[in-house]
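See below for work15.txt, which holds compact mmCIF, C-alpha atoms.
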# COMPACT_ATOMS: atom_id res chain seq x y z
CA MET A 1413 -262.13 -110.97 -52.44
CA LYS A 1414 -261.86 -112.69 -55.82
CA THR A 1415 -258.92 -110.80 -57.22
CA ALA A 1416 -257.83 -113.08 -60.06
CA ASP A 1417 -259.91 -113.58 -63.18
CA GLY A 1418 -258.18 -116.88 -63.80
CA ALA A 1419 -259.46 -118.16 -60.49
CA ARG A 1420 -263.13 -117.48 -61.08
CA ALA A 1421 -265.49 -120.34 -61.74
CA THR A 1422 -267.82 -120.25 -64.70
CA GLY A 1423 -270.93 -120.11 -62.57
CA ASN A 1424 -272.55 -120.82 -59.26
CA GLU A 1425 -273.49 -124.44 -59.69
CA GLY A 1426 -273.43 -125.43 -56.04
CA PRO A 1427 -270.66 -126.15 -53.59
CA ARG A 1428 -267.21 -126.55 -55.06
CA LYS A 1429 -266.10 -130.18 -55.15
CA LEU A 1430 -262.58 -130.78 -53.88
CA ALA A 1431 -260.97 -133.97 -52.62
CA LEU A 1432 -257.59 -135.20 -51.41
CA CYS A 1433 -256.60 -138.75 -52.31
CA VAL A 1434 -253.72 -140.43 -50.50
CA LEU A 1435 -251.93 -142.88 -52.79
CA CYS A 1436 -249.74 -145.08 -50.62
CA GLY A 1437 -247.66 -148.24 -50.70
CA LEU A 1438 -244.08 -149.48 -50.63
CA PRO A 1439 -241.39 -147.86 -52.79
CA ALA A 1440 -241.53 -149.23 -56.35
CA ALA A 1441 -245.06 -150.57 -55.82
CA GLY A 1442 -246.12 -148.82 -59.04
CA LYS A 1443 -247.73 -145.72 -57.49
CA SER A 1444 -246.40 -143.19 -60.00
CA THR A 1445 -247.34 -145.36 -62.98
CA PHE A 1446 -250.78 -145.95 -61.50
CA ALA A 1447 -251.23 -142.22 -60.81
CA ARG A 1448 -250.35 -141.21 -64.38
CA ALA A 1449 -252.85 -143.68 -65.82
CA LEU A 1450 -255.52 -142.62 -63.34
CA VAL A 1451 -255.06 -138.91 -64.09
CA HIS A 1452 -255.34 -139.51 -67.83
CA ARG A 1453 -258.48 -141.61 -67.43
CA LEU A 1454 -260.21 -139.19 -65.05
CA ARG A 1455 -259.52 -136.19 -67.26
CA GLN A 1456 -260.85 -138.02 -70.29
CA GLU A 1457 -263.84 -139.82 -68.77
CA GLN A 1458 -264.89 -137.51 -65.92
CA ALA A 1459 -263.59 -134.11 -67.15
CA TRP A 1460 -262.22 -133.44 -63.68
CA ALA A 1461 -259.27 -131.22 -62.85
CA VAL A 1462 -256.70 -133.65 -61.44
CA GLY A 1463 -253.25 -133.05 -60.03
CA VAL A 1464 -250.58 -135.34 -58.59
CA VAL A 1465 -248.14 -134.21 -55.93
CA ALA A 1466 -245.37 -136.80 -55.80
CA TYR A 1467 -243.45 -136.27 -52.58
CA ASP A 1468 -240.21 -137.64 -54.03
CA ASP A 1469 -240.37 -135.03 -56.81
CA VAL A 1470 -241.14 -132.09 -54.55
CA MET A 1471 -238.69 -133.01 -51.77
CA PRO A 1472 -235.78 -134.28 -53.85
CA ASP A 1473 -232.13 -133.45 -54.54
CA ALA A 1474 -231.94 -130.26 -52.48
CA PHE A 1475 -232.08 -132.36 -49.32
CA LEU A 1476 -229.88 -135.29 -50.28
CA ASP A 1477 -226.61 -135.54 -48.39
CA GLU A 1478 -225.26 -137.80 -51.12
CA ALA A 1479 -226.57 -140.01 -53.91
CA ARG A 1480 -229.29 -142.41 -52.76
CA ALA A 1481 -229.44 -140.76 -49.34
CA ARG A 1482 -232.40 -139.01 -47.75
CA PRO A 1483 -232.43 -136.47 -44.94
CA PRO A 1484 -232.38 -137.76 -41.36
CA PRO A 1485 -235.80 -139.12 -40.31
CA PHE A 1486 -236.59 -136.18 -38.02
CA GLN A 1487 -235.79 -133.62 -40.72
CA TRP A 1488 -237.87 -135.57 -43.22
CA LYS A 1489 -240.92 -135.30 -40.95
CA VAL A 1490 -240.49 -131.54 -40.73
CA LEU A 1491 -240.29 -131.32 -44.52
CA ARG A 1492 -243.50 -133.34 -44.84
CA LEU A 1493 -245.27 -130.84 -42.60
CA GLU A 1494 -243.91 -127.98 -44.68
CA LEU A 1495 -245.21 -129.55 -47.88
CA LEU A 1496 -248.66 -129.90 -46.31
CA LYS A 1497 -248.53 -126.17 -45.55
CA TYR A 1498 -247.85 -125.50 -49.25
CA LEU A 1499 -250.85 -127.64 -50.15
CA GLU A 1500 -252.94 -125.66 -47.72
CA TYR A 1501 -251.92 -122.38 -49.38
CA PHE A 1502 -253.00 -123.79 -52.74
CA LEU A 1503 -256.31 -125.08 -51.38
CA MET A 1504 -257.11 -121.76 -49.71
CA ALA A 1505 -256.57 -119.97 -53.02
CA VAL A 1506 -258.86 -122.42 -54.82
CA ILE A 1507 -261.56 -122.22 -52.15
CA ASN A 1508 -261.47 -118.42 -51.88
CA GLY A 1509 -261.03 -117.78 -55.60
CA CYS A 1510 -257.95 -115.64 -55.07
CA GLN A 1511 -254.27 -115.63 -55.94
CA MET A 1512 -251.81 -117.88 -54.16
CA SER A 1513 -248.87 -116.27 -52.46
CA ALA A 1514 -245.68 -117.88 -51.23
CA PRO A 1515 -245.50 -118.69 -47.50
CA PRO A 1516 -243.27 -116.22 -45.63
CA ASN A 1517 -241.18 -119.03 -44.13
CA ARG A 1518 -240.32 -121.66 -46.72
CA THR A 1519 -237.58 -123.86 -48.06
CA GLU A 1520 -237.00 -122.13 -51.36
CA ALA A 1521 -235.92 -125.18 -53.37
CA MET A 1522 -238.89 -127.23 -52.20
CA TRP A 1523 -241.32 -124.37 -52.82
CA GLU A 1524 -240.03 -123.94 -56.37
CA ASP A 1525 -240.42 -127.67 -57.02
CA PHE A 1526 -243.97 -127.50 -55.66
CA ILE A 1527 -244.81 -124.53 -57.91
CA THR A 1528 -243.30 -126.31 -60.91
CA CYS A 1529 -245.39 -129.39 -60.11
CA LEU A 1530 -248.62 -127.35 -60.16
CA LYS A 1531 -247.66 -125.38 -63.27
CA GLU A 1532 -246.82 -128.48 -65.28
CA GLN A 1533 -250.29 -129.84 -64.55
CA ASP A 1534 -252.02 -126.60 -65.59
CA LEU A 1535 -253.30 -125.84 -62.09
CA ILE A 1536 -251.61 -122.43 -61.67
CA PHE A 1537 -249.66 -119.83 -63.64
CA SER A 1538 -247.54 -116.86 -62.57
CA ALA A 1539 -249.23 -113.50 -62.14
CA GLU A 1540 -247.62 -111.14 -64.66
CA SER A 1541 -248.52 -107.89 -62.92
CA GLU A 1542 -247.70 -109.06 -59.44
CA ALA A 1543 -244.58 -110.14 -57.61
CA GLN A 1544 -242.99 -113.36 -58.77
CA SER A 1545 -244.20 -115.08 -55.61
CA SER A 1546 -247.85 -114.64 -56.60
CA TYR A 1547 -249.74 -117.20 -58.67
CA ILE A 1548 -253.17 -117.40 -60.29
CA ILE A 1549 -255.31 -120.53 -60.10
CA MET A 1550 -256.29 -121.88 -63.50
CA LYS A 1551 -259.98 -121.59 -64.29
CA THR A 1552 -260.35 -125.36 -64.76
CA ALA A 1553 -259.22 -125.91 -61.15
CA VAL A 1554 -262.22 -124.00 -59.82
CA SER A 1555 -264.85 -124.63 -62.48
CA ARG A 1556 -264.56 -128.42 -62.35
CA PRO A 1557 -264.33 -130.99 -59.57
CA LEU A 1558 -260.72 -130.91 -58.36
CA LEU A 1559 -258.92 -134.03 -57.17
CA LEU A 1560 -255.41 -133.84 -55.71
CA ILE A 1561 -253.56 -137.15 -55.50
CA LEU A 1562 -250.72 -137.25 -52.96
CA ASP A 1563 -248.22 -139.89 -54.03
CA ASP A 1564 -245.95 -141.15 -51.26
CA ASN A 1565 -245.23 -144.23 -49.16
CA PHE A 1566 -247.34 -142.96 -46.22
CA TYR A 1567 -246.33 -146.10 -44.34
CA TYR A 1568 -247.51 -144.82 -40.94
CA GLN A 1569 -251.18 -144.08 -40.47
CA SER A 1570 -250.20 -140.84 -38.68
CA MET A 1571 -248.77 -139.58 -41.99
CA ARG A 1572 -252.09 -140.19 -43.71
CA TYR A 1573 -254.01 -138.72 -40.79
CA GLU A 1574 -252.20 -135.41 -41.35
CA VAL A 1575 -253.82 -135.26 -44.79
CA TYR A 1576 -257.19 -136.22 -43.32
CA GLN A 1577 -256.90 -133.35 -40.84
CA LEU A 1578 -256.28 -130.94 -43.71
CA ALA A 1579 -259.36 -132.28 -45.53
CA ARG A 1580 -261.45 -131.92 -42.39
CA LYS A 1581 -260.20 -128.38 -41.74
CA TYR A 1582 -261.58 -127.19 -45.10
CA SER A 1583 -264.44 -129.71 -45.50
CA LEU A 1584 -262.83 -131.48 -48.44
CA GLY A 1585 -263.35 -135.01 -49.64
CA PHE A 1586 -260.83 -137.59 -48.49
CA CYS A 1587 -259.97 -141.12 -49.59
CA GLN A 1588 -257.07 -143.55 -49.69
CA LEU A 1589 -255.72 -145.92 -52.33
CA PHE A 1590 -253.25 -148.54 -51.11
CA LEU A 1591 -251.20 -150.42 -53.70
CA ASP A 1592 -250.47 -153.79 -52.14
CA CYS A 1593 -247.48 -154.97 -54.15
CA PRO A 1594 -245.41 -158.05 -53.20
CA LEU A 1595 -242.12 -157.21 -51.54
CA GLU A 1596 -240.16 -159.22 -54.10
CA THR A 1597 -241.67 -157.23 -56.95
CA CYS A 1598 -240.85 -153.93 -55.26
CA LEU A 1599 -237.26 -155.01 -54.68
CA GLN A 1600 -236.88 -156.11 -58.30
CA ARG A 1601 -238.28 -152.85 -59.67
CA ASN A 1602 -236.25 -150.78 -57.25
CA GLY A 1603 -233.07 -152.52 -58.40
CA GLN A 1604 -233.76 -151.40 -61.97
CA ARG A 1605 -234.03 -147.73 -61.04
CA PRO A 1606 -231.14 -145.34 -61.76
CA ARG A 1607 -231.18 -144.17 -58.14
CA ALA A 1608 -232.32 -147.22 -56.27
CA LEU A 1609 -233.03 -147.20 -52.56
CA PRO A 1610 -231.01 -149.59 -50.41
CA ALA A 1611 -232.87 -152.92 -50.28
CA GLU A 1612 -232.79 -152.84 -46.47
CA THR A 1613 -234.78 -149.59 -46.54
CA ILE A 1614 -237.63 -151.31 -48.39
CA HIS A 1615 -237.42 -154.33 -46.10
CA LEU A 1616 -237.66 -152.05 -43.07
CA MET A 1617 -240.60 -150.13 -44.51
CA GLN A 1618 -242.41 -153.37 -45.31
CA ARG A 1619 -242.14 -154.38 -41.65
CA LYS A 1620 -243.35 -150.99 -40.44
CA ILE A 1621 -246.09 -150.22 -42.93
CA GLU A 1622 -249.55 -149.69 -41.42
CA LYS A 1623 -252.13 -150.48 -44.08
CA PRO A 1624 -255.44 -148.58 -44.08
CA ASN A 1625 -257.76 -150.16 -41.53
CA PRO A 1626 -261.34 -148.91 -42.00
CA GLU A 1627 -262.67 -151.28 -39.33
CA LYS A 1628 -260.40 -149.79 -36.69
CA ASN A 1629 -260.24 -146.15 -37.83
CA ALA A 1630 -263.48 -144.46 -38.83
CA TRP A 1631 -261.56 -141.74 -40.69
CA GLU A 1632 -260.15 -144.41 -43.05
CA HIS A 1633 -263.52 -145.74 -44.19
CA ASN A 1634 -263.05 -144.31 -47.72
CA SER A 1635 -260.16 -146.64 -48.55
CA LEU A 1636 -259.46 -149.18 -51.26
CA THR A 1637 -256.66 -151.75 -51.42
CA ILE A 1638 -255.49 -152.65 -54.92
CA GLN A 1639 -253.44 -155.77 -55.51
CA SER A 1640 -250.66 -154.23 -57.56
CA PRO A 1641 -249.75 -154.53 -60.32
CA ALA A 1642 -251.98 -157.25 -61.74
CA CYS A 1643 -255.36 -155.92 -60.61
CA ALA A 1644 -254.86 -152.17 -61.13
CA SER A 1645 -256.85 -152.02 -64.37
CA GLU A 1646 -259.55 -154.35 -63.05
CA ALA A 1647 -260.10 -152.02 -60.08
CA SER A 1648 -260.72 -148.94 -62.25
CA LEU A 1649 -264.48 -148.89 -61.63
CA GLU A 1650 -264.00 -149.32 -57.88
CA VAL A 1651 -261.45 -146.51 -57.87
CA THR A 1652 -263.75 -144.16 -59.77
CA ASP A 1653 -266.62 -144.97 -57.41
CA LEU A 1654 -264.42 -144.26 -54.39
CA LEU A 1655 -263.30 -140.91 -55.81
CA HIS A 1656 -266.91 -139.97 -56.63
CA ILE A 1657 -267.89 -140.75 -53.04
CA ALA A 1658 -265.06 -138.60 -51.73
CA LEU A 1659 -265.98 -135.64 -53.93
CA GLU A 1660 -269.68 -135.88 -53.12
CA ASN A 1661 -269.22 -136.42 -49.39
CA PRO A 1662 -266.67 -133.99 -47.94
CA VAL A 1663 -265.39 -134.57 -44.45
CA LYS A 1664 -267.50 -132.56 -42.04
CA TYR A 1665 -265.89 -130.60 -39.27
CA VAL A 1666 -267.78 -132.20 -36.39
CA GLU A 1667 -269.46 -129.66 -34.16
CA ASP A 1668 -269.14 -129.94 -30.43
CA ASN A 1669 -271.28 -132.64 -28.90
CA MET A 1670 -270.91 -132.16 -25.17
CA GLU A 1671 -272.66 -135.37 -24.19
CA GLN A 1672 -270.52 -137.47 -26.54
CA LYS A 1673 -267.36 -135.71 -25.41
CA GLU A 1674 -268.11 -136.42 -21.78
CA THR A 1675 -268.79 -140.07 -22.52
CA ASP A 1676 -265.56 -140.37 -24.46
CA ARG A 1677 -263.63 -138.59 -21.73
CA ILE A 1678 -264.86 -141.04 -19.07
CA ILE A 1679 -264.16 -144.08 -21.22
CA CYS A 1680 -260.68 -142.86 -22.10
CA SER A 1681 -259.92 -142.06 -18.48
CA THR A 1682 -260.97 -145.45 -17.16
CA ASN A 1683 -259.74 -147.69 -19.96
CA ILE A 1684 -256.53 -146.34 -21.45
CA LEU A 1685 -255.28 -143.29 -19.56
CA HIS A 1686 -253.11 -145.27 -17.15
CA LYS A 1687 -251.65 -147.43 -19.92
CA VAL A 1688 -250.89 -144.39 -22.05
CA ASP A 1689 -249.19 -142.69 -19.10
CA GLN A 1690 -246.91 -145.68 -18.56
CA THR A 1691 -246.10 -145.99 -22.25
CA LEU A 1692 -245.30 -142.30 -22.66
CA ARG A 1693 -242.98 -142.47 -19.66
CA ARG A 1694 -241.07 -145.31 -21.32
CA ILE A 1695 -240.86 -143.40 -24.60
CA VAL A 1696 -239.47 -140.31 -22.86
CA SER A 1697 -236.95 -142.43 -20.96
CA GLN A 1698 -235.81 -144.22 -24.12
CA THR A 1699 -235.53 -140.94 -26.02
CA MET A 1700 -233.34 -139.45 -23.32
CA LYS A 1701 -231.11 -142.53 -23.45
CA GLU A 1702 -230.77 -142.15 -27.21
CA ALA A 1703 -229.95 -138.47 -26.79
CA LYS A 1704 -227.16 -139.33 -24.36
CA ASP A 1705 -225.84 -141.96 -26.76
CA GLU A 1706 -225.80 -139.27 -29.46
CA GLN A 1707 -223.68 -137.15 -27.07
CA VAL A 1708 -226.15 -134.30 -26.81
CA PRO A 1709 -224.52 -131.75 -24.44
CA PRO A 1710 -225.71 -131.88 -20.81
CA HIS A 1711 -227.33 -128.43 -20.88
CA ASN A 1712 -229.32 -129.44 -23.97
CA LEU A 1713 -230.29 -132.72 -22.34
CA LYS A 1714 -231.85 -130.73 -19.52
CA PHE A 1715 -233.97 -128.64 -21.90
CA LEU A 1716 -234.88 -131.71 -23.95
CA ALA A 1717 -236.11 -133.54 -20.84
CA GLU A 1718 -238.20 -130.52 -19.84
CA GLU A 1719 -239.84 -130.27 -23.26
CA LEU A 1720 -240.56 -133.99 -23.49
CA ASN A 1721 -242.11 -134.13 -20.03
CA LYS A 1722 -244.18 -131.06 -20.80
CA LEU A 1723 -245.41 -132.72 -24.00
CA LYS A 1724 -246.28 -135.90 -22.08
CA THR A 1725 -248.26 -133.90 -19.52
CA GLU A 1726 -250.11 -132.01 -22.27
CA PHE A 1727 -250.97 -135.24 -24.11
CA LEU A 1728 -252.38 -136.85 -20.99
CA GLU A 1729 -254.40 -133.75 -20.15
CA ASP A 1730 -255.64 -133.57 -23.73
CA LEU A 1731 -256.76 -137.20 -23.46
CA ARG A 1732 -258.62 -136.43 -20.23
CA GLN A 1733 -260.36 -133.41 -21.72
CA GLY A 1734 -261.65 -135.14 -24.85
CA ASN A 1735 -258.81 -134.79 -27.37
CA LYS A 1736 -259.18 -131.14 -28.30
CA LYS A 1737 -255.61 -130.19 -29.17
CA TYR A 1738 -253.40 -133.01 -30.40
CA LEU A 1739 -255.64 -135.86 -31.42
CA CYS A 1740 -258.86 -134.17 -32.56
CA PHE A 1741 -260.95 -137.35 -32.34
CA GLN A 1742 -264.62 -137.31 -31.47
CA GLN A 1743 -264.64 -141.04 -30.76
CA ILE A 1744 -262.66 -143.43 -28.62
CA ILE A 1745 -259.00 -143.71 -29.58
CA ASP A 1746 -256.96 -146.86 -29.63
CA ILE A 1747 -253.75 -146.70 -27.59
CA SER A 1748 -251.66 -147.20 -30.71
CA ASP A 1749 -253.16 -144.01 -32.18
CA VAL A 1750 -252.18 -142.00 -29.13
CA ILE A 1751 -248.66 -143.40 -29.13
CA SER A 1752 -248.26 -142.77 -32.84
CA PHE A 1753 -249.21 -139.12 -32.55
CA PHE A 1754 -247.12 -138.63 -29.42
CA ASN A 1755 -244.09 -140.02 -31.24
CA TYR A 1756 -244.77 -137.63 -34.09
CA GLU A 1757 -244.82 -134.58 -31.79
CA LYS A 1758 -241.87 -135.94 -29.82
CA ASP A 1759 -239.76 -136.30 -32.97
CA LYS A 1760 -240.29 -132.65 -33.85
CA ILE A 1761 -238.86 -131.68 -30.47
CA VAL A 1762 -235.94 -134.10 -30.69
CA LEU A 1763 -235.00 -132.78 -34.13
CA LYS A 1764 -234.12 -129.40 -32.62
CA TYR A 1765 -231.55 -130.92 -30.32
CA PHE A 1766 -230.14 -133.63 -32.56
CA SER A 1767 -229.68 -131.18 -35.44
CA LYS A 1768 -227.52 -128.97 -33.21
CA GLN A 1769 -224.93 -131.72 -33.24
CA HIS A 1770 -224.19 -131.28 -36.95
Just give me the structure of the file as structure tokens.
Amino acid sequence: MKTADGARATGNEGPRKLALCVLCGLPAAGKSTFARALVHRLRQEQAWAVGVVAYDDVMPDAFLDEARARPPPFQWKVLRLELLKYLEYFLMAVINGCQMSAPPNRTEAMWEDFITCLKEQDLIFSAESEAQSSYIIMKTAVSRPLLLILDDNFYYQSMRYEVYQLARKYSLGFCQLFLDCPLETCLQRNGQRPRALPAETIHLMQRKIEKPNPEKNAWEHNSLTIQSPACASEASLEVTDLLHIALENPVKYVEDNMEQKETDRIICSTNILHKVDQTLRRIVSQTMKEAKDEQVPPHNLKFLAEELNKLKTEFLEDLRQGNKKYLCFQQIIDISDVISFFNYEKDKIVLKYFSKQH
């Protein structure tokens, strides 16, 4: 199945080493500057293939209603999911040693920005003898350890968990770097940018941001908080160690453990199921109120209510059965995790109805 010479490794030296690194923090925390320095150092010192996917570069002007404006929150979440699908297409090509094709359903401007991002970092090039939508993986991307750094705010843990799920799906390494920059510094830097965000946006994000919590979430155990900007250089050894651990210890897709699943199911049922049920009911009720305030037509309100109640029922059943569909946890889940993922799925449904108003 290896159809592209450019995608063939130089030899069979063991399992291919691939890792996804989430680089998160407030806007203007110094993530892009940190990423550039990190990429240069890793290429020089470790001889790794390293790429950075900056979300603001790949999902930019094509979706701005006006200067300094982003898409509505619901649309932005859909775009984030679409970008993860692009990443998956690239990863599948690397893993299988084949060419990368364009997804059949895509936002053309965002796909082109994604392709440009990979080309500029010497990770892919266009296939001359094939259709323009076919790309060859550079040999360095498959013959060396490959680290992809995803640069975004990732202020909700559910956003980062999406990346973790992708790593688990393909048994990739996974880690997180959180740049903990003072709010005042972020606001000052943001004000110096040509296209600054509104200050209230950064204030709001600072109140909402959910920092990596390895003690609470087992999937976040490969995380490092860096006090930005002063300690970024001092943390270089810790960062390199974390990335080595991620590359050497890919996330394993946990096989079914029936005894553990049954234990988890009983614990979830007795401890949190009732509380989750009550909370989801309140969320559905509040969402319907917001939809009415947005003057969603009555016939659409009916369908929206049906979809939301169906989602609530499915979530509760999924929780009872051991989290097979939505949550994919093998261990006990905190209520906040359940609510976070329910809100994520709920927002995708709401987007369909709110977008019809414009």
task = Have a look at A:Arg1693, A:Lys1701, A:Arg1455, A:Arg1572 and name the one nearest to A:Ile1621; count all atoms listed in the file.
result = A:Arg1572
Residue nearest A:Ala1505 - candidates A:Tyr1568, A:Tyr1547, A:Phe1766, A:Phe1590, atoms counted: all atoms listed in the file =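 Checking each of A:Tyr1568, A:Tyr1547, A:Phe1766, A:Phe1590 against A:Ala1505, counting all atoms listed in the file, the winner is A:Tyr1547.
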Shell around A:Gly1585 at 8 Å using only C-alpha atoms, local window under 5 positions removed, as a ChimeraX atom specification = /A:1429-1432,1579,1658-1663
Need the neighbours of (-253.9, -124.4, -55.3): which residues are at most 8 Å away, counting all atoms listed in the file, as a compact mmCIF listing (two decimals) with C-alpha atoms, in the frame of the given file?
# COMPACT_ATOMS: atom_id res chain seq x y z
CA LEU A 1499 -250.85 -127.64 -50.15
CA GLU A 1500 -252.94 -125.66 -47.72
CA TYR A 1501 -251.92 -122.38 -49.38
CA PHE A 1502 -253.00 -123.79 -52.74
CA LEU A 1503 -256.31 -125.08 -51.38
CA MET A 1504 -257.11 -121.76 -49.71
CA ALA A 1505 -256.57 -119.97 -53.02
CA VAL A 1506 -258.86 -122.42 -54.82
CA MET A 1512 -251.81 -117.88 -54.16
CA LEU A 1530 -248.62 -127.35 -60.16
CA LEU A 1535 -253.30 -125.84 -62.09
CA ILE A 1536 -251.61 -122.43 -61.67
CA ILE A 1549 -255.31 -120.53 -60.10
Which residues of stretch 1590-1632 of chain A come within 12 Å of stretch 1574-1577 of chain A, and for each one, what is the closest pair of atoms and their distance in Å to one decimal, counting all atoms listed in the file, sorted by chain and residue number, as JSON lines?
{"residue": "A:Asn1629", "atom": "CA", "partner": "A:Tyr1576", "partner_atom": "CA", "distance": 11.7}
{"residue": "A:Ala1630", "atom": "CA", "partner": "A:Tyr1576", "partner_atom": "CA", "distance": 11.3}
{"residue": "A:Trp1631", "atom": "CA", "partner": "A:Tyr1576", "partner_atom": "CA", "distance": 7.5}
{"residue": "A:Glu1632", "atom": "CA", "partner": "A:Tyr1576", "partner_atom": "CA", "distance": 8.7}
query = To one decimal place, how far is atom CA of A:Pro1594 from atom CA of A:Ser1570 in Å?
reply = 23.0 Å
ask   = Using all atoms listed in the file, which of the listed residues (A:Ile1751, A:Leu1763, A:Val1708, A:Val1464) sits closest to A:Lys1531?
value =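 Smallest separation from A:Lys1531 among the options: A:Val1464.
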inquiry  = Nearest residue to A:Lys1628 out of A:Gln1458, A:Ser1748, A:Ser1444, A:Thr1597, using all atoms listed in the file?
reply    =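 With all atoms listed in the file as the atom set, the closest residue is A:Ser1748.
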key: Distance in Å - atom CA of A:Leu1591 versus atom CA of A:Val1462   =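 Atom-to-atom, atom CA of A:Leu1591 and atom CA of A:Val1462 are spaced 19.3 Å apart.
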request  = Would you mind reading off the distance between atom CA of A:Gly1463 and atom CA of A:Gly1603, one decimal, in Å?
outcome  =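 Atom CA of A:Gly1463 sits 28.1 Å away from atom CA of A:Gly1603.
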task = Compare A:Leu1716, A:Ile1747, A:Leu1595, A:Leu1685 by their minimum atom-to-atom distance to A:Leu1728, counting only C-alpha atoms, and give me the closest one.
result =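 The closest residue to A:Leu1728 is A:Leu1685.
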